[in-house]
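> Please find query03.pdb (PDB, C-alpha atoms) on the next line:
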ATOM      1  CA  GLN F  11       0.000   0.000   0.000
ATOM      2  CA  PHE F  12       2.816   2.398   0.904
ATOM      3  CA  GLU F  13       4.668   1.670  -2.331
ATOM      4  CA  LEU F  14       1.548   2.274  -4.401
ATOM      5  CA  GLN F  15       0.694   5.560  -2.682
ATOM      6  CA  TYR F  16       4.276   6.798  -2.859
ATOM      7  CA  SER F  17       4.578   5.881  -6.524
ATOM      8  CA  MET F  18       1.375   7.766  -7.358
ATOM      9  CA  VAL F  19       2.517  10.955  -5.616
ATOM     10  CA  HIS F  20       5.995  10.637  -7.122
ATOM     11  CA  ALA F  21       4.458  10.256 -10.604
ATOM     12  CA  ALA F  22       2.352  13.388 -10.038
ATOM     13  CA  LEU F  23       5.456  15.243  -8.922
ATOM     14  CA  ARG F  24       7.348  14.054 -11.994
ATOM     15  CA  GLY F  25       4.486  15.210 -14.208
ATOM     16  CA  ALA F  26       4.503  18.655 -12.632
ATOM     17  CA  MET F  27       8.250  19.005 -13.198
ATOM     18  CA  SER F  28       7.887  17.818 -16.803
ATOM     19  CA  ASP F  29       5.302  20.556 -17.338
ATOM     20  CA  GLY F  30       7.650  23.138 -15.826
ATOM     21  CA  ASP F  31       5.286  23.637 -12.880
ATOM     22  CA  TRP F  32       7.921  23.613 -10.175
ATOM     23  CA  ARG F  33       5.644  25.363  -7.671
ATOM     24  CA  SER F  34       3.175  22.481  -7.755
ATOM     25  CA  ALA F  35       6.067  20.037  -7.570
ATOM     26  CA  LEU F  36       7.360  21.720  -4.430
ATOM     27  CA  ARG F  37       3.915  21.570  -2.854
ATOM     28  CA  LEU F  38       3.751  17.851  -3.622
ATOM     29  CA  LEU F  39       7.191  17.401  -2.099
ATOM     30  CA  ARG F  40       6.028  19.084   1.105
ATOM     31  CA  VAL F  41       3.037  16.733   1.190
ATOM     32  CA  MET F  42       5.358  13.766   0.787
ATOM     33  CA  GLU F  43       7.609  15.025   3.583
ATOM     34  CA  LEU F  44       4.586  15.312   5.883
ATOM     35  CA  GLU F  45       3.007  11.993   4.907
ATOM     36  CA  TYR F  46       6.140   9.888   4.473
ATOM     37  CA  VAL F  47       9.169  10.359   6.665
ATOM     38  CA  SER F  48      11.324   8.398   4.227
ATOM     39  CA  VAL F  49      11.286  10.517   1.082
ATOM     40  CA  ARG F  50      13.674   8.939  -1.385
ATOM     41  CA  LEU F  51      16.824  10.565  -2.728
ATOM     42  CA  SER F  52      15.555  10.050  -6.277
ATOM     43  CA  THR F  53      12.549  12.242  -5.461
ATOM     44  CA  TYR F  54      14.727  15.049  -4.156
ATOM     45  CA  ALA F  55      17.054  14.623  -7.144
ATOM     46  CA  LEU F  56      14.100  15.087  -9.498
ATOM     47  CA  ILE F  57      13.151  18.334  -7.768
ATOM     48  CA  ALA F  58      16.775  19.501  -7.730
ATOM     49  CA  LYS F  59      17.147  18.939 -11.462
ATOM     50  CA  GLY F  60      13.948  20.852 -12.200
ATOM     51  CA  LEU F  61      14.845  23.777  -9.949
ATOM     52  CA  GLY F  62      18.268  23.855 -11.538
ATOM     53  CA  LEU F  63      16.734  24.240 -14.991
ATOM     54  CA  VAL F  64      14.741  27.285 -13.874
ATOM     55  CA  ARG F  65      17.731  28.724 -11.956
ATOM     56  CA  ARG F  66      16.031  28.768  -8.525
ATOM     57  CA  CYS F  67      19.200  28.519  -6.463
ATOM     58  CA  GLU F  68      17.653  29.858  -3.223
ATOM     59  CA  LEU F  69      14.921  27.207  -3.303
ATOM     60  CA  LEU F  70      17.518  24.551  -4.051
ATOM     61  CA  ALA F  71      19.624  25.646  -1.083
ATOM     62  CA  ALA F  72      16.543  25.705   1.150
ATOM     63  CA  MET F  73      15.636  22.160   0.106
ATOM     64  CA  LEU F  74      19.128  20.945   0.939
ATOM     65  CA  SER F  75      18.951  22.622   4.356
ATOM     66  CA  ARG F  76      15.601  20.952   5.007
ATOM     67  CA  MET F  77      17.046  17.573   4.061
ATOM     68  CA  TRP F  78      19.905  18.061   6.531
ATOM     69  CA  THR F  79      17.432  19.065   9.247
ATOM     70  CA  ARG F  80      15.171  16.070   8.633
ATOM     71  CA  ARG F  81      18.192  13.788   8.791
ATOM     72  CA  LYS F  82      19.150  15.263  12.151
ATOM     73  CA  VAL F  83      15.621  14.924  13.544
ATOM     74  CA  TYR F  84      14.613  11.528  12.158
ATOM     75  CA  GLY F  85      18.031   9.907  11.725
ATOM     76  CA  ALA F  86      18.675   7.220   9.134
ATOM     77  CA  MET F  87      14.992   7.150   8.160
ATOM     78  CA  CYS F  88      15.651  10.308   6.113
ATOM     79  CA  VAL F  89      18.090  10.645   3.263
ATOM     80  CA  GLU F  90      20.743  13.326   3.201
ATOM     81  CA  PRO F  91      21.985  15.169   0.112
ATOM     82  CA  ASP F  92      24.895  13.668  -1.792
ATOM     83  CA  GLU F  93      27.721  15.687  -3.314
ATOM     84  CA  LYS F  94      26.189  15.498  -6.784
ATOM     85  CA  MET F  95      23.018  17.241  -5.595
ATOM     86  CA  CYS F  96      24.925  19.827  -3.562
ATOM     87  CA  ALA F  97      27.234  20.511  -6.506
ATOM     88  CA  LEU F  98      24.254  21.038  -8.806
ATOM     89  CA  ALA F  99      22.769  23.589  -6.402
ATOM     90  CA  ALA F 100      26.113  25.332  -5.892
ATOM     91  CA  ASN F 101      26.721  25.517  -9.622
ATOM     92  CA  VAL F 102      23.348  27.161 -10.259
ATOM     93  CA  ALA F 103      24.069  29.658  -7.484
ATOM     94  CA  GLY F 104      27.499  30.349  -8.963
ATOM     95  CA  GLU F 105      26.067  30.978 -12.413
ATOM     96  CA  GLU F 106      23.621  33.434 -10.841
ATOM     97  CA  ARG F 107      26.529  35.202  -9.074
ATOM     98  CA  LYS F 108      25.111  34.194  -5.661
ATOM     99  CA  LEU F 109      28.474  33.568  -4.010
ATOM    100  CA  ALA F 110      27.027  33.606  -0.479
ATOM    101  CA  THR F 111      24.670  30.775  -1.437
ATOM    102  CA  VAL F 112      27.542  28.758  -2.883
ATOM    103  CA  ARG F 113      29.487  29.147   0.353
ATOM    104  CA  GLN F 114      26.414  28.279   2.415
ATOM    105  CA  ILE F 115      25.918  25.011   0.526
ATOM    106  CA  LEU F 116      29.546  23.946   0.935
ATOM    107  CA  THR F 117      29.620  24.967   4.604
ATOM    108  CA  GLU F 118      26.514  22.871   5.312
ATOM    109  CA  MET F 119      28.093  19.929   3.533
ATOM    110  CA  GLU F 120      31.164  20.082   5.753
ATOM    111  CA  SER F 121      29.207  20.674   8.957
ATOM    112  CA  HIS F 122      27.200  17.497   8.300
ATOM    113  CA  GLY F 123      30.221  15.368   7.492
ATOM    114  CA  LEU F 124      29.999  15.416   3.700
ATOM    115  CA  ALA F 125      33.453  16.436   2.567
ATOM    116  CA  PRO F 126      33.443  18.527  -0.627
ATOM    117  CA  GLY F 127      35.273  16.783  -3.428
ATOM    118  CA  VAL F 128      37.019  18.055  -6.510
ATOM    119  CA  ARG F 129      33.701  18.817  -8.241
ATOM    120  CA  SER F 130      32.545  21.053  -5.389
ATOM    121  CA  TYR F 131      35.836  22.944  -5.215
ATOM    122  CA  SER F 132      35.799  23.455  -8.968
ATOM    123  CA  ILE F 133      32.364  25.074  -8.675
ATOM    124  CA  LEU F 134      33.483  27.256  -5.753
ATOM    125  CA  ILE F 135      36.583  28.427  -7.617
ATOM    126  CA  LYS F 136      34.536  29.155 -10.727
ATOM    127  CA  ALA F 137      32.041  31.142  -8.641
ATOM    128  CA  TYR F 138      34.819  33.339  -7.241
ATOM    129  CA  GLY F 139      36.145  33.852 -10.754
ATOM    130  CA  ARG F 140      32.756  34.966 -12.025
ATOM    131  CA  VAL F 141      32.699  37.806  -9.488
ATOM    132  CA  ARG F 142      36.387  38.601 -10.160
ATOM    133  CA  ASN F 143      37.493  37.758  -6.621
ATOM    134  CA  ALA F 144      41.114  36.615  -6.978
ATOM    135  CA  VAL F 145      41.596  36.323  -3.218
ATOM    136  CA  GLY F 146      38.638  33.949  -3.032
ATOM    137  CA  VAL F 147      39.950  31.879  -5.949
ATOM    138  CA  ASN F 148      43.333  31.451  -4.277
ATOM    139  CA  ARG F 149      41.838  30.689  -0.870
ATOM    140  CA  ALA F 150      39.515  28.067  -2.319
ATOM    141  CA  PHE F 151      42.398  26.454  -4.193
ATOM    142  CA  GLU F 152      44.620  26.397  -1.099
ATOM    143  CA  ARG F 153      41.747  25.106   1.027
ATOM    144  CA  MET F 154      41.330  22.226  -1.406
ATOM    145  CA  ARG F 155      45.018  21.420  -1.087
ATOM    146  CA  ALA F 156      44.899  21.699   2.707
ATOM    147  CA  ARG F 157      41.999  19.223   2.804
ATOM    148  CA  ARG F 158      44.104  16.871   0.663
ATOM    149  CA  VAL F 159      41.605  16.840  -2.164
ATOM    150  CA  LYS F 160      43.681  16.014  -5.231
ATOM    151  CA  PRO F 161      42.754  18.293  -8.140
ATOM    152  CA  ASP F 162      42.157  16.936 -11.609
ATOM    153  CA  VAL F 163      42.790  18.652 -14.937
ATOM    154  CA  VAL F 164      39.296  20.157 -14.907
ATOM    155  CA  VAL F 165      39.697  21.960 -11.581
ATOM    156  CA  LEU F 166      43.215  23.108 -12.488
ATOM    157  CA  ASN F 167      41.980  24.593 -15.767
ATOM    158  CA  THR F 168      39.005  26.089 -13.921
ATOM    159  CA  THR F 169      41.425  27.773 -11.522
ATOM    160  CA  ILE F 170      43.478  29.156 -14.401
ATOM    161  CA  ASP F 171      40.327  30.498 -16.058
ATOM    162  CA  ALA F 172      39.064  32.037 -12.798
ATOM    163  CA  LEU F 173      42.368  33.836 -12.264
ATOM    164  CA  ILE F 174      42.360  35.138 -15.837
ATOM    165  CA  ARG F 175      38.848  36.488 -15.215
ATOM    166  CA  CYS F 176      40.383  38.295 -12.230
ATOM    167  CA  ASP F 177      43.184  39.705 -14.426
ATOM    168  CA  ASP F 178      45.798  37.774 -12.419
ATOM    169  CA  PHE F 179      47.863  36.372 -15.285
ATOM    170  CA  VAL F 180      50.965  35.806 -13.152
ATOM    171  CA  ARG F 181      49.159  33.573 -10.660
ATOM    172  CA  ALA F 182      47.342  31.762 -13.486
ATOM    173  CA  ARG F 183      50.697  30.985 -15.058
ATOM    174  CA  GLU F 184      51.956  29.683 -11.701
ATOM    175  CA  VAL F 185      49.013  27.313 -11.410
ATOM    176  CA  MET F 186      49.618  25.979 -14.912
ATOM    177  CA  SER F 187      53.296  25.477 -14.134
ATOM    178  CA  SER F 188      52.361  23.545 -10.983
ATOM    179  CA  MET F 189      50.189  21.022 -12.835
ATOM    180  CA  SER F 190      53.103  18.591 -13.002
ATOM    181  CA  GLU F 191      53.079  18.401  -9.186
ATOM    182  CA  TRP F 192      49.731  16.624  -9.457
ATOM    183  CA  GLY F 193      50.806  14.358 -12.287
ATOM    184  CA  PHE F 194      49.227  16.344 -15.108
ATOM    185  CA  SER F 195      50.470  18.299 -18.089
ATOM    186  CA  PRO F 196      48.893  21.497 -19.428
ATOM    187  CA  ASN F 197      46.580  20.844 -22.359
ATOM    188  CA  GLU F 198      45.230  23.022 -25.157
ATOM    189  CA  ARG F 199      42.581  24.485 -22.890
ATOM    190  CA  SER F 200      45.210  25.478 -20.307
ATOM    191  CA  TYR F 201      47.214  27.393 -22.897
ATOM    192  CA  ASN F 202      44.198  28.901 -24.636
ATOM    193  CA  THR F 203      42.967  30.241 -21.320
ATOM    194  CA  LEU F 204      46.311  31.917 -20.650
ATOM    195  CA  LEU F 205      46.258  33.277 -24.183
ATOM    196  CA  LYS F 206      42.872  34.828 -23.456
ATOM    197  CA  GLY F 207      44.451  36.738 -20.586
ATOM    198  CA  LEU F 208      47.276  38.017 -22.794
ATOM    199  CA  ALA F 209      44.828  38.977 -25.540
ATOM    200  CA  GLN F 210      42.781  41.052 -23.138
ATOM    201  CA  ILE F 211      45.794  43.224 -22.330
ATOM    202  CA  ALA F 212      47.077  43.260 -25.925
ATOM    203  CA  MET F 213      50.384  41.492 -25.176
ATOM    204  CA  VAL F 214      50.834  40.200 -28.711
ATOM    205  CA  ASP F 215      54.468  39.083 -28.633
ATOM    206  CA  GLU F 216      53.908  37.194 -25.405
ATOM    207  CA  ALA F 217      50.796  35.554 -26.889
ATOM    208  CA  PHE F 218      52.689  34.292 -29.952
ATOM    209  CA  ALA F 219      55.493  33.083 -27.692
ATOM    210  CA  LEU F 220      52.952  31.100 -25.694
ATOM    211  CA  ARG F 221      51.613  29.558 -28.894
ATOM    212  CA  ASN F 222      55.156  28.556 -29.835
ATOM    213  CA  GLU F 223      55.560  27.022 -26.391
ATOM    214  CA  MET F 224      52.479  24.902 -27.069
ATOM    215  CA  ARG F 225      54.108  23.547 -30.201
ATOM    216  CA  GLU F 226      57.373  22.851 -28.413
ATOM    217  CA  ILE F 227      55.686  20.549 -25.898
ATOM    218  CA  GLY F 228      53.738  18.735 -28.608
ATOM    219  CA  LEU F 229      50.366  20.474 -28.400
ATOM    220  CA  ILE F 230      48.655  21.504 -31.628
ATOM    221  CA  PRO F 231      47.220  25.042 -31.606
ATOM    222  CA  ASN F 232      43.569  24.925 -32.654
ATOM    223  CA  SER F 233      41.019  27.372 -33.994
ATOM    224  CA  VAL F 234      40.452  28.795 -30.502
ATOM    225  CA  THR F 235      44.189  29.499 -30.286
ATOM    226  CA  ARG F 236      44.109  31.260 -33.659
ATOM    227  CA  ASN F 237      41.078  33.357 -32.807
ATOM    228  CA  THR F 238      42.548  34.409 -29.477
ATOM    229  CA  LEU F 239      45.744  35.489 -31.223
ATOM    230  CA  ILE F 240      43.646  37.503 -33.674
ATOM    231  CA  GLU F 241      41.915  39.185 -30.751
ATOM    232  CA  ALA F 242      45.300  40.029 -29.216
ATOM    233  CA  CYS F 243      46.439  41.587 -32.495
ATOM    234  CA  ILE F 244      43.235  43.599 -32.811
ATOM    235  CA  ASN F 245      43.490  44.923 -29.267
ATOM    236  CA  ALA F 246      47.055  46.018 -30.001
ATOM    237  CA  GLN F 247      45.989  47.404 -33.416
ATOM    238  CA  ARG F 248      48.492  45.165 -35.176
ATOM    239  CA  TRP F 249      46.354  44.756 -38.245
ATOM    240  CA  THR F 250      48.894  43.072 -40.512
ATOM    241  CA  GLN F 251      49.410  40.191 -38.101
ATOM    242  CA  ALA F 252      45.668  39.822 -37.581
ATOM    243  CA  GLN F 253      45.051  39.753 -41.329
ATOM    244  CA  SER F 254      47.835  37.218 -41.829
ATOM    245  CA  LEU F 255      46.102  34.811 -39.444
ATOM    246  CA  VAL F 256      42.775  35.323 -41.224
ATOM    247  CA  ASN F 257      44.385  34.808 -44.637
ATOM    248  CA  ASP F 258      45.260  31.248 -43.600
ATOM    249  CA  ILE F 259      41.521  30.489 -43.766
ATOM    250  CA  GLN F 260      40.965  29.624 -47.407
ATOM    251  CA  ARG F 261      37.279  28.794 -46.996
ATOM    252  CA  VAL F 262      34.905  29.412 -44.100
ATOM    253  CA  ARG F 263      33.867  25.942 -43.003
ATOM    254  CA  THR F 264      33.257  26.199 -39.263
ATOM    255  CA  ARG F 265      31.744  28.571 -36.760
ATOM    256  CA  ASP F 266      35.249  29.352 -35.491
ATOM    257  CA  ASP F 267      36.265  30.414 -39.008
ATOM    258  CA  GLU F 268      33.396  32.896 -39.039
ATOM    259  CA  ILE F 269      34.336  34.127 -35.587
ATOM    260  CA  ALA F 270      37.905  34.792 -36.759
ATOM    261  CA  HIS F 271      36.700  37.109 -39.517
ATOM    262  CA  ASN F 272      34.112  38.761 -37.313
ATOM    263  CA  ILE F 273      36.764  39.582 -34.716
ATOM    264  CA  VAL F 274      38.677  41.512 -37.386
ATOM    265  CA  ILE F 275      35.556  43.249 -38.719
ATOM    266  CA  TRP F 276      34.446  44.259 -35.246
ATOM    267  CA  GLY F 277      37.951  45.442 -34.357
ATOM    268  CA  LEU F 278      38.296  47.580 -37.478
ATOM    269  CA  ALA F 279      34.899  49.167 -36.860
ATOM    270  CA  ARG F 280      35.709  49.744 -33.188
ATOM    271  CA  PHE F 281      38.795  51.729 -34.121
ATOM    272  CA  GLY F 282      36.993  53.750 -36.803
ATOM    273  CA  ARG F 283      38.456  51.941 -39.841
ATOM    274  CA  ASP F 284      35.064  51.592 -41.521
ATOM    275  CA  ASP F 285      36.207  51.152 -45.115
ATOM    276  CA  GLU F 286      38.555  48.331 -44.131
ATOM    277  CA  ALA F 287      35.789  46.781 -42.026
ATOM    278  CA  HIS F 288      33.493  46.672 -45.066
ATOM    279  CA  GLU F 289      36.301  45.148 -47.125
ATOM    280  CA  ALA F 290      36.836  42.505 -44.456
ATOM    281  CA  LEU F 291      33.099  41.777 -44.511
ATOM    282  CA  ARG F 292      33.188  41.251 -48.276
ATOM    283  CA  GLU F 293      36.148  38.916 -47.796
ATOM    284  CA  LEU F 294      34.177  36.899 -45.255
ATOM    285  CA  GLU F 295      31.168  36.616 -47.549
ATOM    286  CA  GLY F 296      33.452  35.719 -50.467
ATOM    287  CA  LYS F 297      34.735  32.760 -48.465
ATOM    288  CA  GLY F 298      31.204  31.529 -47.836
ATOM    289  CA  GLY F 299      30.750  33.015 -44.366
ATOM    290  CA  ARG F 300      28.399  35.568 -42.895
ATOM    291  CA  ALA F 301      28.618  38.347 -40.353
ATOM    292  CA  SER F 302      27.360  37.801 -36.824
ATOM    293  CA  VAL F 303      24.507  39.852 -35.374
ATOM    294  CA  VAL F 304      27.003  41.783 -33.248
ATOM    295  CA  THR F 305      29.162  42.567 -36.297
TER     296      THR F 305
END
For the file at hand, write its structure as C-alpha cells.


Amino acid sequence: QFELQYSMVHAALRGAMSDGDWRSALRLLRVMELEYVSVRLSTYALIAKGLGLVRRCELLAAMLSRMWTRRKVYGAMCVEPDEKMCALAANVAGEERKLATVRQILTEMESHGLAPGVRSYSILIKAYGRVRNAVGVNRAFERMRARRVKPDVVVLNTTIDALIRCDDFVRAREVMSSMSEWGFSPNERSYNTLLKGLAQIAMVDEAFALRNEMREIGLIPNSVTRNTLIEACINAQRWTQAQSLVNDIQRVRTRDDEIAHNIVIWGLARFGRDDEAHEALRELEGKGGRASVVT
C-alpha cells in the first residue's frame, strides 16, 4: 500500500516538473515530507534537477537545508543530500553570481560530514572567478590542497580560467606550471585560457610566444588558439598580423572560421576603420561566411 501511494505521488510530482510547474512540484514534495518520513533521494534529485533548470538557487539551497534538518531529527529514516546534488545547487548559485549561497551550501556539507570533493571545489573556484574575486579563488584552491583533495585537470583549468577572469595572469601561469606536481600536463585548454588573458591586455608578442611554447611541448594550436591570437592583435591594433592569421583560412567551413573574420571586422569598426571593415566583410562573404549579429 505504501509503495503504491508513494509511486502515485511521485508520478504526479514528476508530471509537474515535466510541465515546468515547479511550484506544484514543491507543494507535492512538502506533502510527501509530511506523509512519508522516508522521502527517497531520487525524489529530491528530481526536484533539484527541475529547480536547476529554472535557476532557482535559493529554493535549491533551502531544500538541501531541510534535508539536513530532517536527517538530524529523524536519523537514518531520512536521506541526506549527496555531493552530486549539492554541486548542482552550488553551480546554479554560482552561475547566478550568488556567491554567499555557494558558500552556504559547501559549509553545510562540511558541517554534516559530507566532505566537498574536486567537483565542489571546482564550482566554488569558478564562482569566485565569475565575481572577479582573486583572493577567493586562491583561498579556495589552497583550502582544497589543505583538505588533501587532489585536483584533476578540470579543476586546475578552472582555476586558471578564474584567475584570468580576475586579471591575475601571473598567478594563473603559476598554477599551470604547478600542474606537473599533481601528475598532469597542461593541455590546449590550459594554454588557450592563458592566451585569453594576454589577448585582453594586448600582449601580442607574449601571446605568440605562448603559442610557440604549445608547439614545443607537442600540443597543436587549434582554432580557438588562432582566434585568441587575432583578438590580441586587434586589441594592439596590429592589423597586418591579424590579417595574416585570417588569410590562412581559405574557406569558411566552421563557426570558429566565421568568428575569426568577425573579430577583425568588429575590431576595425571599433577603431573607426570603416572602409577596411566593409572590405573585411566582403572577404568573409566571399569565403562563404556571414557576419554575426554583433558585427

> Quick check on the file I pasted: which residues fall under the PyMOL selection byres ((chain F and resi 118) around 12)? Write them as a ChimeraX atom specification.

/F:71-72,74-79,90-93,96,100,111-117,119-126

> Can you translate the PyMOL selection byres ((chain F and resi 266) around 12) into the concrete residues it hits in this file, as a short mmCIF file (atom, residue, chain, number, x, y, z; two decimals) with C-alpha atoms, in the coordinates of the input?


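See result04.cif below for the written result:
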data_model
loop_
_atom_site.label_atom_id
_atom_site.label_comp_id
_atom_site.auth_asym_id
_atom_site.auth_seq_id
_atom_site.Cartn_x
_atom_site.Cartn_y
_atom_site.Cartn_z
CA ASN F 232 43.57 24.92 -32.65
CA SER F 233 41.02 27.37 -33.99
CA VAL F 234 40.45 28.80 -30.50
CA THR F 235 44.19 29.50 -30.29
CA ARG F 236 44.11 31.26 -33.66
CA ASN F 237 41.08 33.36 -32.81
CA THR F 238 42.55 34.41 -29.48
CA ILE F 240 43.65 37.50 -33.67
CA VAL F 256 42.78 35.32 -41.22
CA ILE F 259 41.52 30.49 -43.77
CA ARG F 261 37.28 28.79 -47.00
CA VAL F 262 34.90 29.41 -44.10
CA ARG F 263 33.87 25.94 -43.00
CA THR F 264 33.26 26.20 -39.26
CA ARG F 265 31.74 28.57 -36.76
CA ASP F 267 36.26 30.41 -39.01
CA GLU F 268 33.40 32.90 -39.04
CA ILE F 269 34.34 34.13 -35.59
CA ALA F 270 37.90 34.79 -36.76
CA HIS F 271 36.70 37.11 -39.52
CA ASN F 272 34.11 38.76 -37.31
CA ILE F 273 36.76 39.58 -34.72
CA GLY F 299 30.75 33.02 -44.37
CA ARG F 300 28.40 35.57 -42.90
CA SER F 302 27.36 37.80 -36.82
#

> Might you pull out every residue within 10 Å of Leu134 (chain F), with all atoms listed in the file counted and same-chain residues fewer than 4 positions away left off, and present them as a VMD selection string?

chain F and resid 97 100 to 101 103 to 104 109 112 to 113 116 128 to 130 138 to 140 146 to 147 150 to 151 168 to 169

> Restrict the selected residues to C-alpha atoms and save them as a PDB file, keeping the file's coordinate frame.


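And here's again-v3.pdb as it stands now:
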ATOM      1  CA  ALA F  97      27.234  20.511  -6.506  1.00  0.00           C
ATOM      2  CA  ALA F 100      26.113  25.332  -5.892  1.00  0.00           C
ATOM      3  CA  ASN F 101      26.721  25.517  -9.622  1.00  0.00           C
ATOM      4  CA  ALA F 103      24.069  29.658  -7.484  1.00  0.00           C
ATOM      5  CA  GLY F 104      27.499  30.349  -8.963  1.00  0.00           C
ATOM      6  CA  LEU F 109      28.474  33.568  -4.010  1.00  0.00           C
ATOM      7  CA  VAL F 112      27.542  28.758  -2.883  1.00  0.00           C
ATOM      8  CA  ARG F 113      29.487  29.147   0.353  1.00  0.00           C
ATOM      9  CA  LEU F 116      29.546  23.946   0.935  1.00  0.00           C
ATOM     10  CA  VAL F 128      37.019  18.055  -6.510  1.00  0.00           C
ATOM     11  CA  ARG F 129      33.701  18.817  -8.241  1.00  0.00           C
ATOM     12  CA  SER F 130      32.545  21.053  -5.389  1.00  0.00           C
ATOM     13  CA  TYR F 138      34.819  33.339  -7.241  1.00  0.00           C
ATOM     14  CA  GLY F 139      36.145  33.852 -10.754  1.00  0.00           C
ATOM     15  CA  ARG F 140      32.756  34.966 -12.025  1.00  0.00           C
ATOM     16  CA  GLY F 146      38.638  33.949  -3.032  1.00  0.00           C
ATOM     17  CA  VAL F 147      39.950  31.879  -5.949  1.00  0.00           C
ATOM     18  CA  ALA F 150      39.515  28.067  -2.319  1.00  0.00           C
ATOM     19  CA  PHE F 151      42.398  26.454  -4.193  1.00  0.00           C
ATOM     20  CA  THR F 168      39.005  26.089 -13.921  1.00  0.00           C
ATOM     21  CA  THR F 169      41.425  27.773 -11.522  1.00  0.00           C
TER      22      THR F 169
END

> CA of Lys82 (chain F) and CA of Ser48 (chain F) are how many Å apart?

13.1 Å

> Considering only C-alpha atoms, state which residue in the set F:Val89, F:Ala55, F:Ala252, F:Ala110 is at the smallest distance from Met27 (chain F).

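Nearest candidate to Met27 (chain F) out of F:Val89, F:Ala55, F:Ala252, F:Ala110: F:Ala55.
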
> Carefully work through the PyMOL selection byres ((chain F and resi 248) around 12) for this structure and note down the residues it includes, as a list in words.

Ala212, Met213, Val214, Asp215, Leu239, Ile240, Glu241, Ala242, Cys243, Ile244, Asn245, Ala246, Gln247, Trp249, Thr250, Gln251, Ala252, Gln253, Ser254, Leu255, Val274, Gly277, Leu278 and Phe281 of chain F

> Go ahead and compute the interatomic distance for CA of Arg142 (chain F) and CA of Leu204 (chain F), in Å to one decimal.

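Distance reported for this atom pair: 15.9 Å.
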
> Quick one: residues within 9 Å of Ala58 (chain F), all atoms listed in the file counted, chain neighbours fewer than 4 positions away excluded, as an mmCIF file with C-alpha atoms, keeping the file's coordinate frame?


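File written: around36.cif
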data_model
loop_
_atom_site.group_PDB
_atom_site.id
_atom_site.type_symbol
_atom_site.label_atom_id
_atom_site.label_comp_id
_atom_site.auth_asym_id
_atom_site.auth_seq_id
_atom_site.Cartn_x
_atom_site.Cartn_y
_atom_site.Cartn_z
ATOM 1 C CA THR F 53 12.549 12.242 -5.461
ATOM 2 C CA TYR F 54 14.727 15.049 -4.156
ATOM 3 C CA GLY F 62 18.268 23.855 -11.538
ATOM 4 C CA LEU F 63 16.734 24.240 -14.991
ATOM 5 C CA LEU F 70 17.518 24.551 -4.051
ATOM 6 C CA MET F 73 15.636 22.160 0.106
ATOM 7 C CA MET F 95 23.018 17.241 -5.595
ATOM 8 C CA LEU F 98 24.254 21.038 -8.806
ATOM 9 C CA ALA F 99 22.769 23.589 -6.402
#

> Compile the contact shell of Val49 (chain F) as a VMD selection string: residues with an atom at most 12 Å away, counting all atoms listed in the file, same-chain residues fewer than 2 positions apart removed.

chain F and resid 12 to 13 16 to 17 19 to 20 38 to 47 51 to 57 76 to 77 80 to 81 84 86 to 91

> Just how far from CA of Ser200 (chain F) is CA of Ala217 (chain F), in Å to one decimal?

13.3 Å

> Could you tell me which of F:Pro231, F:Gly30, F:Gly85, F:Gly207 comes closest to Asp171 (chain F) if we count all atoms listed in the file?

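Closest residue, counting all atoms listed in the file: F:Gly207.
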
> Taking into account all atoms listed in the file, which residue in the set F:Ala209, F:Val64, F:Val165, F:Ala144 is nearest to Arg181 (chain F)?

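Among the listed residues, F:Ala144 lies closest to Arg181 (chain F).
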
> Can you tell me, as JSON, the centre and edge lengths (Å, one decimal) of the axis-aligned box enclosing all of region 117-129 of chain F's listed atoms after padding each side by 5 Å?


{"center_x": 31.8, "center_y": 20.2, "center_z": 0.4, "size_x": 20.5, "size_y": 19.6, "size_z": 27.2}
